[in-house]
Amino acid sequence: MPERLAVRKTYKLFIGGAFPRSESGRSYPVSSPSGETVNASLASRKDARDAVRAARSAFPKWAGATAYNRGQILYRIAEMIEGRREQFIAETRDAAGVDAAIDRWVWYAGWADKIAQVHGGANPVAGPYFNLSAPEPTGVVAVVAPPDSPLLGLVSVVAPAIVTGNTVVVLAAEDHPLPAITLAEVLATSDLPAGVVNILTGRPAETAPWLAAHMDVNGLDLTGATDPELATAWERDAAENLKRVLRPSPDAIDWSADPGTGRMTTFLETKTVWHPKGV
Amino acid sequence: MSFFEYAPAPESRSIVDIRSSYGLFIDGSFVDSVDGKTFKSVNPATEEQLAEVVEGSPADVDAAVAAARRAFDTVWGPMSGADRSKYLFRIARLIQERSRELAVLESLDNGKPIREARDVDLPLVAAHFFYYAGWADKLSHAGFGSDPRPLGVAAQVIPWNFPLLMLAWKIAPALACGNTVVLKPAETTPLTALLFAEICQQADLPPGVVNIVTGAGETGRALVEHPGVDKVAFTGSTEVGRAIARSVAGTRKRLTLELGGKAANIVFDDAPIDQAVEGIVNGIFFNQGHVCCAGSRLLVQESVQDSFLDALKRRMSLLRVGDPLDKNTDVGAINSAAQLARIRELSAVGEEEGASRWSPACELPDRGFWFAPTLFTGVSQAHRIAREEIFGPVLSVLTFRTPDEAVEKANNTPYGLSAGIWTEKGSRILAVADRLRAGVVWANTFNKFDPTSPFGGYKESGYGREGGRHGLEAYLA
């Protein structure tokens with residue numbers, strides 16, 4: 001019997017729930033789990049803009065979904081990642097990291113219907129008013145994923161942004177994009193509405209400036225921006241429409257440590273509503 | 001002529017003793033500028049000079065930041081929360097005790113009606129210090145970790161519309177969290193901040209904990225760009241906010257911004273008309289419309305447009321414009337010649353673009369900076385008076401047919417600071433409030449503030465919250 005000829009995979013982008021190639025027709029070589037070189041899509045400026053449009057379209061419905069529903073969907077995603085555990089381990093060669101990533105996702109899933117209770121509440125104003133503060137998602141968040149942790153780092157920046165109702169455009173780790181592509185395949189089969197997460201592979205140095213300056217992006221997570229000069233330039237561009245910016249950490253991040261709530265609260269707005277009391 | 005006439009009822013200005021010139025408040029005492037440049041603060045209602053004030057130079061800013069750093073390292077940082085708390089309570093009490101004096105000075109320097117300074121600004125200023133005083137020794141319970149730490153030296157730049165209230169919003173939480181501050185009051189309204197400096201002395205607040213550096217834009221720039229500050233807090237225009245956000249990029253400075261707005265005040269056809277009219281008037285003519293969260297766009301449902309606008313015009317005709325120190329005055333002086341020019345320019349643009357302009361007959365004083373309450377009808381979303389912040393007593397009226405259209409139009413702005421909803425239907429309030437992209441929503445009320453209630457914007461109205469438990473976050477690591 002001759003050895004079976006494998007069906008190879010084409011690695012593509014994830015935009016609006018679909019898997020297009022880059023509109024630019026470009027690709028770049030990356031290493032596959034088995035060690036051979038494969039082609040990943042090299043996203044362009046226009047892909048980034050398309051991804052923002054998809055994220056914006058998805059925002060009202062995702063932000064308006066009940067917290068319970070978002071929590072259910074995120075938990076479903078964790079189940080789907082678990083189902084692909086072996087594939088992720090092959091791609092990352094880090095079983096502990098994959099397990100931690102699944103657990104991290106479950107942890108964030110549980111936050112969906114708790115964050116408003118922890119970060120909102122009634123304010124005892126000095127007058128006959130019922131005054132309530134509640135967190136709401138910021139909008140479309142562009143995320144530069146950390147290059148040093150292609151799965152655990154990736155889920156640690158994506159899950160906190162979307163669990164609260166934001167939609168994201170993620171720039172995957174340039175040299176290790178395959179776990180991000182596999183995650184896209186997980187997301188596509190997890191009841192996550194199309195456009196909530198959009199993943200671009202390629203060179204962040206090329207695409208991030210367009211997202212940082214994009215006037216329909218509301219937040220910018222620079223966790224994976226390792227070049228301080230570029231990070232500064234992108235933060236400066238983000239000022240044009242006052243994006244909420246999460247700066248890169250000056251120290252190396254221990255992705256296995258308790259992440260706290262900061263990655264969620266950075267991309268939350270507090271809305272306070274005053275209602276008069278009266279009969 | 002109305003049936004009844006009001007007799008003048010001026011508040012006496014003798015209660016406040018304005019010095020002819022003021023130094024900078026650095027390291028606990030008033031000092032001269034290193035470079036000796038000064039400018040004048042005038043009364044916008046009369047254009048008379050009130051005092052000469054220092055234009056802080058970069059060297060002055062250096063000295064102030066150094067004093068704040070010293071105080072942070074040696075006194076205020078190490079101090080127990082309980083003691084910080086007691087200092088803040090002292091300050092709150094001193095403000096209450098000297099509130100008449102502060103209110104008169106605020107009205108003189110800013111042009112706002114004494115009734116508002118006395119009944120709104122000053123009670124809120126004292127309440128703000130009182131509120132944050134109580135937080136100083138309870139920070140580990142605030143939800144920011146078990147041992148939250150102060151950031152260090154805070155650079156704070158505030159606007160001229162609520163000079164002392166904005167000072168309170170900045171200084172009270174910063175101090176409660178253990179930071180020290182260098183605050184720059186606005187160029188046209190520095191005097192109450194300098195009187196506040198005296199109150200700090202009276203409270204025996206350790207030198208350097210609060211430093212006040214007066215000046216204009218360049219002084220503010222030197223302060224926020226100073227490498228020795230750990231935190232920048234700014235309230236003012238979106239344009240300047242953007243510049244500050246750019247300037248802190250790549251640094252480790254934390255930043256909060258409270259910027260402009262173009263709030264929609266939405267009146268549905270079932271709204272209680274008289275109450276809504278009062279709210280709309282308060283929303284745009286309170287403090288001469290110099291309010292970042294002013295309800296400057298009225299969205300009224302088409303079916304009630306005519307009767308509502310008639311009632312609104314009747315009410316506007318009763319507004320008394322004039323001497324800010326008169327206790328019957330509703331609308332005082334525009335804060336500066338520059339602001340008056342901006343309001344005039346945008347109002348002229350409104351007419352040129354085809355909107356209809358209306359103001360009640362009202363006599364304006366000969367001297368000083370004045371602008372009659374103004375209403376524009378026939379405004380479209382594309383008009384500049386519907387898009388740009390005028391920051392004056394100018395209301396743009398747009399209409400809508402359905403709740404969806406109202407929400408769509410309300411959110412159609414780069415700003416997102418505040419919004420108002422007027423309807424008798426409770427479920428509609430909740431549904432519409434959910435969909436408005438604004439940091440503060442007032443339902444059947446407007447322009448209400450409270451130290452426990454977080455305030456701040458979405459989108460290009462800035463980020464971070466001031467007030468309430470949320471307000472602590474800006475000053476804690």
# chains A, B, ... in the order shown; residues from 1 in each chain; ligands from 1
$ interface_residues --of "chain B" --to "chain A" --cutoff "8 Å" --atoms "only C-alpha atoms" --output "PyMOL selection string"
chain B and resi 242-243+245-247+249-250+433+438-445+450-460+462-463+465+468
$ residues_around --residues "region 146-148 of chain A" --least-positions-apart "3" --cutoff "8 Å" --atoms "only C-alpha atoms" --output "count of residues only"
10
$ select_by_dssp --residues "region 48-252 of chain B" --states "strand (DSSP E or B)" --output "list in words"
Gln49, Leu50, Ala51, Glu52, Val53, Val54, Pro150, Val153, Ala154, Ala155, Gln156, Val157, Thr180, Val181, Val182, Leu183, Lys184, Val210, Asn211, Ile212, Lys231, Val232, Ala233, Phe234 and Thr235 of chain B
$ residues_around --residues "region 9-13 of chain A" --least-positions-apart "4" --cutoff "10 Å" --atoms "only C-alpha atoms" --output "list of chain:residue names"
A:Gly17, A:Ala18, A:Phe19, A:Pro20, A:Arg21, A:Ser22, A:Glu23, A:Ser27, A:Val38, A:Asn39, A:Ala40, A:Ser41, A:Leu42, A:Ala43, A:Asp47, A:Ala51, A:Pro177, A:Leu178, A:Ala180, A:Ile181, A:Thr182, A:Ala184, A:Asn198, A:Ile199, A:Leu200, A:Thr201, A:Gly202
$ residues_around --residues "Ser80 (chain B)" --least-positions-apart "3" --cutoff "9 Å" --atoms "only C-alpha atoms" --output "PDB file with C-alpha atoms, in the first residue's frame"
ATOM      1  CA  TRP B  76       1.963  62.518  51.924  1.00  0.00           C
ATOM      2  CA  GLY B  77       2.964  59.150  50.465  1.00  0.00           C
ATOM      3  CA  ASP B  83      -4.543  61.236  58.548  1.00  0.00           C
ATOM      4  CA  ARG B  84      -4.952  62.096  54.879  1.00  0.00           C
ATOM      5  CA  SER B  85      -8.641  61.662  55.456  1.00  0.00           C
ATOM      6  CA  ALA B 136      -8.644  57.908  52.034  1.00  0.00           C
ATOM      7  CA  ASP B 137      -8.525  55.218  54.723  1.00  0.00           C
ATOM      8  CA  GLY B 178      -2.078  59.547  48.435  1.00  0.00           C
TER       9      GLY B 178
END
$ residues_around --residues "Lys184 (chain B)" --least-positions-apart "4" --cutoff "9 Å" --atoms "only C-alpha atoms" --output "list in words"
Ala155, Gln156, Val157, Ile158, Pro190, Ala193, Asn211, Ile212, Val213, Thr214, Gly215, Ala216, Thr219, Gly220 and Leu223 of chain B
$ closest_atom_pairs --of "region 242-332 of chain B" --to "region 118-127 of chain B" --cutoff "12 Å" --atoms "only C-alpha atoms" --output "tab-separated table"
residue	atom	partner	partner_atom	distance
B:Phe286	CA	B:Val120	CA	10.4
B:Asn287	CA	B:Val120	CA	10.2
B:Pro324	CA	B:Arg118	CA	11.4
B:Leu325	CA	B:Arg118	CA	10.4
B:Asp326	CA	B:Arg118	CA	11.8
B:Lys327	CA	B:Arg118	CA	9.7
$ residues_around --residues "Lys40 (chain B)" --least-positions-apart "4" --cutoff "6 Å" --atoms "only C-alpha atoms" --output "PyMOL selection string"
chain B and resi 51-53
$ write_last_selection --atoms "N, CA and C atoms" --output "PDB file, in the first residue's frame"
ATOM      1  N   ALA B  51      -7.284  91.189  39.312  1.00  0.00           N
ATOM      2  CA  ALA B  51      -5.979  90.968  39.932  1.00  0.00           C
ATOM      3  C   ALA B  51      -4.961  90.644  38.855  1.00  0.00           C
ATOM      4  N   GLU B  52      -3.702  90.781  39.253  1.00  0.00           N
ATOM      5  CA  GLU B  52      -2.625  90.382  38.374  1.00  0.00           C
ATOM      6  C   GLU B  52      -2.118  89.021  38.847  1.00  0.00           C
ATOM      7  N   VAL B  53      -1.893  88.140  37.892  1.00  0.00           N
ATOM      8  CA  VAL B  53      -1.570  86.763  38.230  1.00  0.00           C
ATOM      9  C   VAL B  53      -0.330  86.351  37.453  1.00  0.00           C
TER      10      VAL B  53
END
$ residues_around --residues "Val240 (chain B)" --least-positions-apart "5" --cutoff "10 Å" --atoms "only C-alpha atoms" --output "PyMOL selection string"
chain B and resi 217+221+234-235+245-246+257+259
$ closest_residue --among "B:Val407, B:Leu191, B:Leu175, B:Leu430" --to "Leu24 (chain B)" --atoms "only C-alpha atoms"
B:Leu191
$ select_by_dssp --residues "region 124-263 of chain A" --states "helix (DSSP H, G or I)" --output "PyMOL selection string"
chain A and resi 152-163+178-187+204-213+228-241+262-263
$ write_last_selection --atoms "N, CA and C atoms" --output "compact mmCIF listing (two decimals), in the first residue's frame"
# COMPACT_ATOMS: atom_id res chain seq x y z
N LEU A 152 -1.83 30.89 24.61
CA LEU A 152 -2.24 31.40 25.93
C LEU A 152 -2.25 32.93 25.92
N GLY A 153 -1.21 33.53 25.35
CA GLY A 153 -1.17 34.99 25.25
C GLY A 153 -2.31 35.51 24.40
N LEU A 154 -2.59 34.80 23.31
CA LEU A 154 -3.65 35.22 22.40
C LEU A 154 -5.01 35.20 23.09
N VAL A 155 -5.33 34.08 23.76
CA VAL A 155 -6.65 34.03 24.40
C VAL A 155 -6.71 35.00 25.57
N SER A 156 -5.56 35.29 26.17
CA SER A 156 -5.54 36.20 27.31
C SER A 156 -5.78 37.66 26.91
N VAL A 157 -5.64 37.96 25.62
CA VAL A 157 -5.98 39.31 25.18
C VAL A 157 -7.33 39.36 24.45
N VAL A 158 -7.73 38.25 23.83
CA VAL A 158 -8.99 38.26 23.07
C VAL A 158 -10.20 38.07 23.99
N ALA A 159 -10.12 37.08 24.87
CA ALA A 159 -11.29 36.76 25.71
C ALA A 159 -11.75 37.95 26.57
N PRO A 160 -10.83 38.66 27.25
CA PRO A 160 -11.30 39.77 28.09
C PRO A 160 -11.93 40.90 27.28
N ALA A 161 -11.48 41.07 26.03
CA ALA A 161 -12.07 42.15 25.23
C ALA A 161 -13.49 41.79 24.80
N ILE A 162 -13.71 40.53 24.39
CA ILE A 162 -15.04 40.22 23.84
C ILE A 162 -16.06 39.81 24.89
N VAL A 163 -15.60 39.31 26.04
CA VAL A 163 -16.58 38.82 27.02
C VAL A 163 -17.50 39.94 27.49
N LEU A 178 -0.17 30.09 13.39
CA LEU A 178 -1.06 28.95 13.19
C LEU A 178 -2.05 28.73 14.33
N PRO A 179 -1.63 28.87 15.60
CA PRO A 179 -2.64 28.72 16.66
C PRO A 179 -3.78 29.73 16.52
N ALA A 180 -3.47 30.92 16.03
CA ALA A 180 -4.53 31.92 15.85
C ALA A 180 -5.50 31.49 14.75
N ILE A 181 -4.96 30.88 13.72
CA ILE A 181 -5.83 30.41 12.63
C ILE A 181 -6.69 29.26 13.11
N THR A 182 -6.09 28.38 13.88
CA THR A 182 -6.88 27.28 14.43
C THR A 182 -7.94 27.82 15.39
N LEU A 183 -7.57 28.83 16.16
CA LEU A 183 -8.57 29.44 17.05
C LEU A 183 -9.72 30.01 16.23
N ALA A 184 -9.40 30.60 15.08
CA ALA A 184 -10.47 31.12 14.21
C ALA A 184 -11.42 30.01 13.81
N GLU A 185 -10.87 28.83 13.54
CA GLU A 185 -11.73 27.70 13.16
C GLU A 185 -12.60 27.26 14.33
N VAL A 186 -12.05 27.40 15.53
CA VAL A 186 -12.85 27.12 16.73
C VAL A 186 -13.99 28.13 16.84
N LEU A 187 -13.64 29.40 16.67
CA LEU A 187 -14.65 30.46 16.84
C LEU A 187 -15.77 30.33 15.82
N PRO A 204 2.32 42.83 11.90
CA PRO A 204 1.69 43.93 12.64
C PRO A 204 2.33 45.28 12.30
N ALA A 205 3.63 45.28 12.05
CA ALA A 205 4.26 46.56 11.74
C ALA A 205 3.65 47.19 10.49
N GLU A 206 3.08 46.34 9.63
CA GLU A 206 2.47 46.86 8.41
C GLU A 206 1.00 47.25 8.64
N THR A 207 0.26 46.41 9.36
CA THR A 207 -1.19 46.65 9.48
C THR A 207 -1.58 47.48 10.70
N ALA A 208 -0.82 47.37 11.78
CA ALA A 208 -1.22 48.07 13.02
C ALA A 208 -1.37 49.58 12.83
N PRO A 209 -0.50 50.24 12.06
CA PRO A 209 -0.67 51.69 11.94
C PRO A 209 -2.05 52.08 11.40
N TRP A 210 -2.59 51.24 10.49
CA TRP A 210 -3.90 51.58 9.93
C TRP A 210 -5.00 51.41 10.95
N LEU A 211 -4.84 50.42 11.81
CA LEU A 211 -5.83 50.22 12.86
C LEU A 211 -5.69 51.30 13.93
N ALA A 212 -4.44 51.65 14.26
CA ALA A 212 -4.22 52.67 15.30
C ALA A 212 -4.83 54.00 14.88
N ALA A 213 -4.80 54.29 13.59
CA ALA A 213 -5.29 55.58 13.10
C ALA A 213 -6.74 55.50 12.64
N PRO A 228 9.33 49.51 21.19
CA PRO A 228 8.79 50.68 21.90
C PRO A 228 8.54 51.88 20.98
N GLU A 229 9.38 52.01 19.95
CA GLU A 229 9.17 53.14 19.05
C GLU A 229 7.87 53.01 18.27
N LEU A 230 7.61 51.79 17.80
CA LEU A 230 6.37 51.57 17.07
C LEU A 230 5.17 51.73 18.01
N ALA A 231 5.31 51.18 19.21
CA ALA A 231 4.20 51.28 20.16
C ALA A 231 3.87 52.74 20.45
N THR A 232 4.91 53.55 20.60
CA THR A 232 4.69 54.98 20.85
C THR A 232 4.01 55.64 19.66
N ALA A 233 4.47 55.30 18.47
CA ALA A 233 3.87 55.90 17.27
C ALA A 233 2.39 55.51 17.16
N TRP A 234 2.09 54.25 17.47
CA TRP A 234 0.69 53.80 17.36
C TRP A 234 -0.17 54.44 18.44
N GLU A 235 0.38 54.59 19.63
CA GLU A 235 -0.38 55.26 20.69
C GLU A 235 -0.67 56.71 20.30
N ARG A 236 0.32 57.33 19.67
CA ARG A 236 0.14 58.71 19.23
C ARG A 236 -0.96 58.78 18.16
N ASP A 237 -0.92 57.85 17.22
CA ASP A 237 -1.97 57.83 16.18
C ASP A 237 -3.35 57.60 16.80
N ALA A 238 -3.37 56.79 17.84
CA ALA A 238 -4.65 56.45 18.48
C ALA A 238 -5.30 57.67 19.12
N ALA A 239 -4.50 58.72 19.39
CA ALA A 239 -5.05 59.90 20.04
C ALA A 239 -6.03 60.65 19.14
N GLU A 240 -5.94 60.42 17.84
CA GLU A 240 -6.78 61.19 16.91
C GLU A 240 -8.26 61.09 17.26
N ASN A 241 -8.72 59.89 17.61
CA ASN A 241 -10.12 59.80 18.07
C ASN A 241 -10.20 59.28 19.51
N GLY A 262 -8.09 43.96 34.82
CA GLY A 262 -7.65 45.15 34.07
C GLY A 262 -7.84 45.06 32.57
N ARG A 263 -7.65 43.85 32.02
CA ARG A 263 -7.81 43.74 30.57
C ARG A 263 -9.27 43.88 30.15
$ closest_residue --among "B:Val277, B:Ala419, B:Ala117, B:Ile385" --to "Asn265 (chain B)" --atoms "only C-alpha atoms"
B:Ala419
$ atom_distance --atom1 "CA of Gln288 (chain B)" --atom2 "CA of Ala174 (chain B)"
29.2 Å
$ atom_distance --atom1 "CA of Ser336 (chain B)" --atom2 "CA of Pro10 (chain B)"
21.8 Å
